[in-house]
Amino acid sequence: MKRLGQWARAVSLCLAMAASLAAQAKEPPLAAAQVRAALLRSADWQLAHPRRIETTDWIIAPLYDGLLRAAFATDEPRFAEAVLRFGNQSGWSPRWRPYMADDHAVGHAWLDLYLLDRTRKERLAPLQQTFDYILAHPVTEALDFRNTPATPGIARTDRWTWCDSLYMGPPVLAKLYRATGDRKYLDLLDREFRYTYDSLYDPQERLFWRDGTYIGKTAPNGRKQFWSRGNGWVYAGLALLLEDLPADHPTRPFYEKLFKEMTGPVVAAQQADGLWRSSMLDAAHIPGGEQSGSAFFTFGLAWGVNRGLLPKKQYWPAVERGWRGLMGTVKADGLVGYVQPVGEKPGKFDQNSTQLYGTGAFLLAGSEILRALGGATKTPPAKILAAAQAAYDADRTPRAYARLVPERRDDLAWENDRVAFRIYGPALRASVEDSGIDAWFKKVDYPVIDKWYRGDLHDKVSYHQDHGEGYDAYGVGDTRGVGGLGLWRDGKLVTADTYRHADVIWTSPEVAEFVVAYDYPEIDGRKIREKRIVRLKLGEQLNEVDANFTVDGKPLAGLEVAVGVATQKPGATLALRPKDGWMSVWETIDGQGVGTGATFLAAELRGMKRATLPSAGHDGKAKGVEHALAILRTDADGRVNYRAGFGWTGAGKIADRAAWEAYLADPARASAKTPIVKRRVGEE
């Protein structure tokens with residue numbers, strides 16, 4: 001029976017390939033110019049339409065891969081420049097869960113850029129630190145989606161327990177080996193890949209189950225249930241892995257064999273329109289061609305042909321049909337539609353269903369096809385990257401911008417055309433700094449934080465001195481700074497330490513936005529957490545802050561919290577206007593006037609007060625620091641909302657105290673709730 005099944009599948013494959021060849025004969029050959037035009041159109045459309053997602057999320061990682069390959073195939077540095085900006089905003093870091101493969105996927109692009117310019121060590125260090133931590137603290141428990149891990153603190157996703165993860169993690173480890181020459185990364189790759197292969201690969205069908213909960217599940221036609229998107233990620237991931245795996249690595253034959261094994265059933269599942277259905281072995285299960293799985297398969301097939309792993313005569317027709325099918329999913333303006341939504345199983349999709357991984361997979365496929373057609377540029381990628389870097393460095397376009405700064409002890413800094421701020425991260429946990437908000441004084445409307453950090457860290461040009469663009473003259477320490485907050489407990493302020501983790505959000509240049517998480521000391525045995533969304537718009541002096549408090553993962557309603565604005569020295573002028581919904585501090589620093597303050601919805605205020613709060617002081621001498629405080633109470637969703645920021649007379653926007661208080665009192669400054677960034681299952 002087993003041989004009969006294998007024979008039937010072989011016949012099915014032959015018939016599918018024959019149908020492909022017959023259909024292909026009726027179509028004109030692909031034109032390189034048309035493929036190039038499609039790449040440019042979709043890449044430009046996607047960059048013009050931010051999705052408000054974390055810049056280190058797995059959903060956006062394939063877009064980075066696709067943008068880089070499109071840049072290097074078309075000689076259009078602007079696509080590489082976009083990835084440079086994303087990488088810089090992300091601090092060249094993976095996301096904050098050390099073992100989670102989803103959080104490693106952006107490492108493909110960060111390391112691709114590093115390998116083209118090894119002088120930029122900051123693009124290597126965060127990823128290397130993450131995987132060195134994993135190697136020093138290995139997870140050895142046999143994890144599976146069907147079981148709760150026995151080891152405390154371990155999640156079921158702390159190994160590659162779902163098939164999509166074989167796109168996310170393995171190529172990063174292969175690139176880390178190329179970057180460092182250290183075989184320990186390949187050893188980890190081989191061990192974890194084999195674990196997933198042994199757990200989820202079906203050798204009879206030569207496809208991967210989505211995760212352990214799917215093993216044995218069947219589609220309505222009785223065939224096994226294999227999803228095209230998941231297997232598409234595996235197939236494309238194998239191509240990326242093989243691209244960087246050393247030719248003499250002992251396990252390379254295993255990966256090449258697996259890639260070739262999967263190719264047969266992949267081609268057999270391709271439908272007459274060139275696309276793949278969500279359920280690979282039951283095309284009628286979920287009707288209609290699904291774009292992302294189809295694009296990943298098309299990329300993998302084209303890559304295999306280009307690298308000589310797959311015979312061109314046999315498999316190129318499937319590539320051409322796949323590309324034609326994919327073009328049918330793209331609108332005239334470049335929007336890539338018909339993409340399966342995020343989830344462990346397929347959902348409904350139509351021409352307007354788009355996702356970043358769909359666009360990324362389309363760019364991957366098109367770039368590989370353009371190379372096969374001889375239409376790719378001959379300009380070396382390093383030269384294209386150099387042009388992108390030069391354009392990025394020279395860009396002085398006013399914008400709102402936020403970035404993680406792991407090289408400066410995990411700072412998170414953000415700015416617009418008027419003001420700049422920063423908060424402190426985990427690396428400063430043992431220092432005096434905690435969850436207060438720092439202010440940086442700007443004289444110019446273009447971005448400065450990248451330049452200031454680089455100058456301070458590498459060129460011995462201190463940002464505490466004004467070199468013509470402004471400087472950092474504001475002291476925070478363990479005060480609330482410019483609008484920091486804490487719990488208000490029995491008339492005392494209880495503050496969080498430095499942030500636990502943070503994510504920068506992809507937005508348009510008119511808005512800087514990030515999400516940051518804080519932990520508070522336990523109160524009555526309860527562990528209170530805060531998730532804060534901060535937005536700074538172009539042209540504004542104030543941040544929009546939306547703080548969400550939870551206990552045991554549930555909203556904490558009715559919690560009293562206090563927002564503070566700290567004075568820098570005795571003699572500052574404080575103004576408290578609870579009925580009007582604002583408070584202010586006005587003082588002089590280095591001969592220039594500085595106004596700090598916050599605004600609130602008056603109906604949500606519990607009160608305002610002047611308060612002297614204890615401070616450890618940077619010199620180790622305890623002292624009291626006067627603050628303006630506003631007391632708020634969380635709503636039914638555990639949220640409070642306010643705006644806070646500053647004005648500096650040296651910037652020429654705020655002339656004096658009267659102008660600053662008028663700015664705060666303007667109804668346009670009133671607080672408004674910030675939309676919550678949508679989270680996915682399994683995330684904190």
# chains A, B, ... in the order shown; residues from 1 in each chain; ligands from 1
$ select_by_dssp --residues "range 227-326 of chain A" --states "strand (DSSP E)" --output "PyMOL selection string"
chain A and resi 276-277+289-290
$ closest_atom_pairs --of "range 267-379 of chain A" --to "range 47-66 of chain A" --cutoff "9 Å" --atoms "only C-alpha atoms" --output "CSV"
residue,atom,partner,partner_atom,distance
A:Val342,CA,A:Ile59,CA,8.4
A:Gln355,CA,A:Ile59,CA,7.7
A:Leu356,CA,A:Ile60,CA,5.4
A:Tyr357,CA,A:Pro62,CA,5.2
A:Gly358,CA,A:Leu63,CA,8.0
A:Thr359,CA,A:Leu63,CA,6.3
A:Gly360,CA,A:Leu63,CA,3.7
A:Ala361,CA,A:Pro62,CA,6.4
A:Phe362,CA,A:Gly66,CA,7.4
A:Leu363,CA,A:Gly66,CA,4.6
A:Leu364,CA,A:Gly66,CA,4.6
A:Ala365,CA,A:Gly66,CA,8.3
A:Gly366,CA,A:Gly66,CA,8.9
A:Ser367,CA,A:Gly66,CA,7.8
$ write_last_selection --atoms "all heavy atoms" --output "mmCIF file, in the first residue's frame"
data_model
loop_
_atom_site.group_PDB
_atom_site.id
_atom_site.type_symbol
_atom_site.label_atom_id
_atom_site.label_comp_id
_atom_site.auth_asym_id
_atom_site.auth_seq_id
_atom_site.Cartn_x
_atom_site.Cartn_y
_atom_site.Cartn_z
ATOM 1 N N VAL A 342 -3.177 36.908 9.875
ATOM 2 C CA VAL A 342 -2.384 36.317 10.949
ATOM 3 C C VAL A 342 -3.235 35.308 11.711
ATOM 4 O O VAL A 342 -4.406 35.545 12.002
ATOM 5 C CB VAL A 342 -1.888 37.414 11.915
ATOM 6 C CG1 VAL A 342 -1.188 36.808 13.114
ATOM 7 C CG2 VAL A 342 -0.961 38.371 11.177
ATOM 8 N N GLN A 355 -0.985 42.003 3.991
ATOM 9 C CA GLN A 355 -0.130 41.906 5.165
ATOM 10 C C GLN A 355 1.308 42.124 4.715
ATOM 11 O O GLN A 355 1.662 41.892 3.560
ATOM 12 C CB GLN A 355 -0.254 40.555 5.869
ATOM 13 C CG GLN A 355 -1.088 40.561 7.144
ATOM 14 C CD GLN A 355 -0.563 41.516 8.215
ATOM 15 O OE1 GLN A 355 0.501 42.125 8.083
ATOM 16 N NE2 GLN A 355 -1.318 41.649 9.281
ATOM 17 N N LEU A 356 2.133 42.547 5.664
ATOM 18 C CA LEU A 356 3.511 42.881 5.315
ATOM 19 C C LEU A 356 4.292 41.668 4.824
ATOM 20 O O LEU A 356 5.141 41.785 3.937
ATOM 21 C CB LEU A 356 4.208 43.516 6.516
ATOM 22 C CG LEU A 356 3.549 44.797 7.037
ATOM 23 C CD1 LEU A 356 4.281 45.319 8.264
ATOM 24 C CD2 LEU A 356 3.516 45.857 5.949
ATOM 25 N N TYR A 357 4.018 40.481 5.404
ATOM 26 C CA TYR A 357 4.739 39.297 4.937
ATOM 27 C C TYR A 357 4.317 38.916 3.524
ATOM 28 O O TYR A 357 5.097 38.310 2.785
ATOM 29 C CB TYR A 357 4.579 38.114 5.902
ATOM 30 C CG TYR A 357 3.170 37.788 6.316
ATOM 31 C CD1 TYR A 357 2.292 37.112 5.476
ATOM 32 C CD2 TYR A 357 2.715 38.121 7.590
ATOM 33 C CE1 TYR A 357 1.003 36.790 5.866
ATOM 34 C CE2 TYR A 357 1.433 37.801 8.004
ATOM 35 C CZ TYR A 357 0.571 37.143 7.140
ATOM 36 O OH TYR A 357 -0.710 36.833 7.545
ATOM 37 N N GLY A 358 3.092 39.272 3.138
ATOM 38 C CA GLY A 358 2.662 39.020 1.767
ATOM 39 C C GLY A 358 3.442 39.871 0.780
ATOM 40 O O GLY A 358 3.936 39.384 -0.240
ATOM 41 N N THR A 359 3.565 41.162 1.088
ATOM 42 C CA THR A 359 4.360 42.040 0.227
ATOM 43 C C THR A 359 5.818 41.603 0.208
ATOM 44 O O THR A 359 6.463 41.574 -0.850
ATOM 45 C CB THR A 359 4.262 43.492 0.716
ATOM 46 O OG1 THR A 359 2.889 43.877 0.803
ATOM 47 C CG2 THR A 359 5.000 44.431 -0.232
ATOM 48 N N GLY A 360 6.349 41.250 1.384
ATOM 49 C CA GLY A 360 7.742 40.806 1.442
ATOM 50 C C GLY A 360 7.986 39.573 0.589
ATOM 51 O O GLY A 360 8.984 39.501 -0.144
ATOM 52 N N ALA A 361 7.078 38.594 0.671
ATOM 53 C CA ALA A 361 7.238 37.375 -0.119
ATOM 54 C C ALA A 361 7.145 37.676 -1.615
ATOM 55 O O ALA A 361 7.866 37.088 -2.433
ATOM 56 C CB ALA A 361 6.179 36.350 0.284
ATOM 57 N N PHE A 362 6.268 38.609 -1.990
ATOM 58 C CA PHE A 362 6.151 39.015 -3.393
ATOM 59 C C PHE A 362 7.459 39.623 -3.884
ATOM 60 O O PHE A 362 7.939 39.318 -4.990
ATOM 61 C CB PHE A 362 5.001 40.013 -3.535
ATOM 62 C CG PHE A 362 4.805 40.534 -4.932
ATOM 63 C CD1 PHE A 362 4.190 39.756 -5.899
ATOM 64 C CD2 PHE A 362 5.244 41.803 -5.279
ATOM 65 C CE1 PHE A 362 4.002 40.233 -7.196
ATOM 66 C CE2 PHE A 362 5.069 42.291 -6.567
ATOM 67 C CZ PHE A 362 4.442 41.499 -7.524
ATOM 68 N N LEU A 363 8.073 40.477 -3.060
ATOM 69 C CA LEU A 363 9.349 41.096 -3.445
ATOM 70 C C LEU A 363 10.464 40.060 -3.526
ATOM 71 O O LEU A 363 11.335 40.141 -4.406
ATOM 72 C CB LEU A 363 9.720 42.186 -2.445
ATOM 73 C CG LEU A 363 8.748 43.372 -2.329
ATOM 74 C CD1 LEU A 363 9.233 44.354 -1.276
ATOM 75 C CD2 LEU A 363 8.578 44.075 -3.668
ATOM 76 N N LEU A 364 10.457 39.078 -2.615
ATOM 77 C CA LEU A 364 11.441 38.000 -2.683
ATOM 78 C C LEU A 364 11.320 37.237 -3.999
ATOM 79 O O LEU A 364 12.310 36.996 -4.693
ATOM 80 C CB LEU A 364 11.241 37.038 -1.507
ATOM 81 C CG LEU A 364 11.731 37.485 -0.133
ATOM 82 C CD1 LEU A 364 11.206 36.538 0.945
ATOM 83 C CD2 LEU A 364 13.253 37.524 -0.084
ATOM 84 N N ALA A 365 10.090 36.872 -4.330
ATOM 85 C CA ALA A 365 9.871 36.094 -5.560
ATOM 86 C C ALA A 365 10.264 36.896 -6.794
ATOM 87 O O ALA A 365 10.980 36.413 -7.682
ATOM 88 C CB ALA A 365 8.407 35.663 -5.642
ATOM 89 N N GLY A 366 9.803 38.144 -6.866
ATOM 90 C CA GLY A 366 10.092 38.960 -8.037
ATOM 91 C C GLY A 366 11.576 39.238 -8.213
ATOM 92 O O GLY A 366 12.083 39.242 -9.343
ATOM 93 N N SER A 367 12.285 39.460 -7.114
ATOM 94 C CA SER A 367 13.723 39.730 -7.211
ATOM 95 C C SER A 367 14.470 38.523 -7.750
ATOM 96 O O SER A 367 15.398 38.654 -8.567
ATOM 97 C CB SER A 367 14.267 40.110 -5.826
ATOM 98 O OG SER A 367 13.651 41.284 -5.353
#
$ closest_residue --among "A:Gly650, A:Pro138, A:Gly477, A:Gly308" --to "His618 in chain A" --atoms "only C-alpha atoms"
A:Gly477
$ closest_residue --among "A:Thr298, A:Thr119, A:Thr507, A:Thr634" --to "Ala547 in chain A" --atoms "only C-alpha atoms"
A:Thr634
$ residues_around --residues "Asp445 in chain A" --least-positions-apart "2" --cutoff "8 Å" --atoms "only C-alpha atoms" --output "list in words"
Pro398, Asn416, Asp417, Arg418, Lys442, Lys443 and Pro447 of chain A
$ write_last_selection --atoms "all heavy atoms" --output "PDB file, in the first residue's frame"
ATOM      1  N   PRO A 398      12.601  67.117   8.247  1.00  0.00           N
ATOM      2  CA  PRO A 398      11.950  67.098   9.566  1.00  0.00           C
ATOM      3  C   PRO A 398      11.009  65.904   9.678  1.00  0.00           C
ATOM      4  O   PRO A 398      10.229  65.626   8.764  1.00  0.00           O
ATOM      5  CB  PRO A 398      11.177  68.424   9.592  1.00  0.00           C
ATOM      6  CG  PRO A 398      11.924  69.311   8.640  1.00  0.00           C
ATOM      7  CD  PRO A 398      12.402  68.395   7.546  1.00  0.00           C
ATOM      8  N   ASN A 416      10.885  65.091  17.518  1.00  0.00           N
ATOM      9  CA  ASN A 416      10.218  65.619  16.334  1.00  0.00           C
ATOM     10  C   ASN A 416      10.972  66.872  15.899  1.00  0.00           C
ATOM     11  O   ASN A 416      12.163  67.005  16.185  1.00  0.00           O
ATOM     12  CB  ASN A 416       8.725  65.863  16.591  1.00  0.00           C
ATOM     13  CG  ASN A 416       8.474  66.948  17.627  1.00  0.00           C
ATOM     14  OD1 ASN A 416       9.400  67.585  18.145  1.00  0.00           O
ATOM     15  ND2 ASN A 416       7.217  67.179  17.950  1.00  0.00           N
ATOM     16  N   ASP A 417      10.312  67.786  15.230  1.00  0.00           N
ATOM     17  CA  ASP A 417      10.993  68.981  14.732  1.00  0.00           C
ATOM     18  C   ASP A 417      11.189  70.043  15.809  1.00  0.00           C
ATOM     19  O   ASP A 417      11.807  71.084  15.541  1.00  0.00           O
ATOM     20  CB  ASP A 417      10.208  69.573  13.559  1.00  0.00           C
ATOM     21  CG  ASP A 417       8.745  69.832  13.900  1.00  0.00           C
ATOM     22  OD1 ASP A 417       8.194  69.096  14.748  1.00  0.00           O
ATOM     23  OD2 ASP A 417       8.134  70.749  13.316  1.00  0.00           O
ATOM     24  N   ARG A 418      10.712  69.772  17.043  1.00  0.00           N
ATOM     25  CA  ARG A 418      10.787  70.777  18.097  1.00  0.00           C
ATOM     26  C   ARG A 418      11.497  70.306  19.365  1.00  0.00           C
ATOM     27  O   ARG A 418      12.201  71.095  20.012  1.00  0.00           O
ATOM     28  CB  ARG A 418       9.375  71.243  18.481  1.00  0.00           C
ATOM     29  CG  ARG A 418       8.669  72.057  17.416  1.00  0.00           C
ATOM     30  CD  ARG A 418       7.230  72.322  17.818  1.00  0.00           C
ATOM     31  NE  ARG A 418       6.586  73.233  16.878  1.00  0.00           N
ATOM     32  CZ  ARG A 418       6.085  74.421  17.202  1.00  0.00           C
ATOM     33  NH1 ARG A 418       6.154  74.847  18.446  1.00  0.00           N
ATOM     34  NH2 ARG A 418       5.514  75.179  16.299  1.00  0.00           N
ATOM     35  N   LYS A 442      16.434  71.083  21.593  1.00  0.00           N
ATOM     36  CA  LYS A 442      16.776  71.150  20.176  1.00  0.00           C
ATOM     37  C   LYS A 442      16.618  72.567  19.641  1.00  0.00           C
ATOM     38  O   LYS A 442      15.649  73.247  19.957  1.00  0.00           O
ATOM     39  CB  LYS A 442      15.858  70.232  19.352  1.00  0.00           C
ATOM     40  CG  LYS A 442      16.138  68.764  19.446  1.00  0.00           C
ATOM     41  CD  LYS A 442      15.205  67.971  18.521  1.00  0.00           C
ATOM     42  CE  LYS A 442      15.427  68.287  17.061  1.00  0.00           C
ATOM     43  NZ  LYS A 442      14.649  67.409  16.163  1.00  0.00           N
ATOM     44  N   LYS A 443      17.557  72.971  18.767  1.00  0.00           N
ATOM     45  CA  LYS A 443      17.454  74.247  18.058  1.00  0.00           C
ATOM     46  C   LYS A 443      17.050  74.066  16.601  1.00  0.00           C
ATOM     47  O   LYS A 443      16.726  75.034  15.916  1.00  0.00           O
ATOM     48  CB  LYS A 443      18.803  74.972  18.092  1.00  0.00           C
ATOM     49  CG  LYS A 443      19.235  75.480  19.446  1.00  0.00           C
ATOM     50  CD  LYS A 443      20.591  76.182  19.316  1.00  0.00           C
ATOM     51  CE  LYS A 443      21.028  76.775  20.639  1.00  0.00           C
ATOM     52  NZ  LYS A 443      22.378  77.392  20.539  1.00  0.00           N
ATOM     53  N   PRO A 447      16.198  65.678  12.441  1.00  0.00           N
ATOM     54  CA  PRO A 447      16.532  64.720  13.497  1.00  0.00           C
ATOM     55  C   PRO A 447      17.981  64.858  13.963  1.00  0.00           C
ATOM     56  O   PRO A 447      18.893  65.063  13.156  1.00  0.00           O
ATOM     57  CB  PRO A 447      16.305  63.360  12.829  1.00  0.00           C
ATOM     58  CG  PRO A 447      15.356  63.634  11.709  1.00  0.00           C
ATOM     59  CD  PRO A 447      15.710  64.998  11.216  1.00  0.00           C
TER      60      PRO A 447
END
$ atom_distance --atom1 "CA of Val561 in chain A" --atom2 "CA of Thr479 in chain A"
15.2 Å
$ closest_atom_pairs --of "range 385-432 of chain A" --to "range 493-499 of chain A" --cutoff "8 Å" --atoms "only C-alpha atoms" --output "tab-separated table"
residue	atom	partner	partner_atom	distance
A:Ile423	CA	A:Thr498	CA	7.8
A:Tyr424	CA	A:Thr498	CA	5.4
A:Gly425	CA	A:Thr498	CA	5.0
A:Pro426	CA	A:Thr498	CA	5.8
A:Leu428	CA	A:Thr498	CA	7.0
A:Arg429	CA	A:Thr498	CA	5.9
$ closest_residue --among "A:Val267, A:Leu188, A:Ala665, A:Leu30" --to "Asp132 in chain A" --atoms "only C-alpha atoms"
A:Leu188
$ select_by_dssp --residues "range 414-516 of chain A" --states "helix (DSSP H, G or I)" --output "PyMOL selection string"
chain A and resi 426-428+449-458
$ write_last_selection --atoms "N, CA and C atoms" --output "mmCIF file, in the first residue's frame"
data_model
loop_
_atom_site.group_PDB
_atom_site.id
_atom_site.type_symbol
_atom_site.label_atom_id
_atom_site.label_comp_id
_atom_site.auth_asym_id
_atom_site.auth_seq_id
_atom_site.Cartn_x
_atom_site.Cartn_y
_atom_site.Cartn_z
ATOM 1 N N PRO A 426 16.808 48.464 30.688
ATOM 2 C CA PRO A 426 17.264 47.441 31.644
ATOM 3 C C PRO A 426 18.731 47.534 32.030
ATOM 4 N N ALA A 427 19.600 47.983 31.132
ATOM 5 C CA ALA A 427 21.026 48.029 31.455
ATOM 6 C C ALA A 427 21.341 49.023 32.570
ATOM 7 N N LEU A 428 20.419 49.940 32.865
ATOM 8 C CA LEU A 428 20.622 50.919 33.932
ATOM 9 C C LEU A 428 19.842 50.565 35.194
ATOM 10 N N ILE A 449 19.009 62.889 17.188
ATOM 11 C CA ILE A 449 19.391 61.919 18.220
ATOM 12 C C ILE A 449 20.410 60.900 17.710
ATOM 13 N N ASP A 450 20.289 60.457 16.456
ATOM 14 C CA ASP A 450 21.285 59.523 15.914
ATOM 15 C C ASP A 450 22.675 60.158 15.938
ATOM 16 N N LYS A 451 22.747 61.385 15.466
ATOM 17 C CA LYS A 451 24.022 62.092 15.396
ATOM 18 C C LYS A 451 24.597 62.317 16.790
ATOM 19 N N TRP A 452 23.753 62.722 17.732
ATOM 20 C CA TRP A 452 24.243 63.006 19.077
ATOM 21 C C TRP A 452 24.763 61.756 19.772
ATOM 22 N N TYR A 453 24.031 60.659 19.628
ATOM 23 C CA TYR A 453 24.501 59.416 20.247
ATOM 24 C C TYR A 453 25.811 58.958 19.623
ATOM 25 N N ARG A 454 25.850 59.000 18.300
ATOM 26 C CA ARG A 454 27.073 58.533 17.635
ATOM 27 C C ARG A 454 28.254 59.424 18.010
ATOM 28 N N GLY A 455 28.029 60.724 18.049
ATOM 29 C CA GLY A 455 29.101 61.632 18.429
ATOM 30 C C GLY A 455 29.577 61.394 19.849
ATOM 31 N N ASP A 456 28.634 61.181 20.763
ATOM 32 C CA ASP A 456 28.994 60.986 22.162
ATOM 33 C C ASP A 456 29.716 59.660 22.384
ATOM 34 N N LEU A 457 29.251 58.608 21.704
ATOM 35 C CA LEU A 457 29.791 57.271 21.941
ATOM 36 C C LEU A 457 31.071 56.997 21.161
ATOM 37 N N HIS A 458 31.191 57.573 19.970
ATOM 38 C CA HIS A 458 32.302 57.199 19.086
ATOM 39 C C HIS A 458 33.283 58.332 18.788
#
$ residues_around --residues "range 524-526 of chain A" --least-positions-apart "5" --cutoff "10 Å" --atoms "only C-alpha atoms" --output "list in words"
Thr550, Val551 and Asp552 of chain A
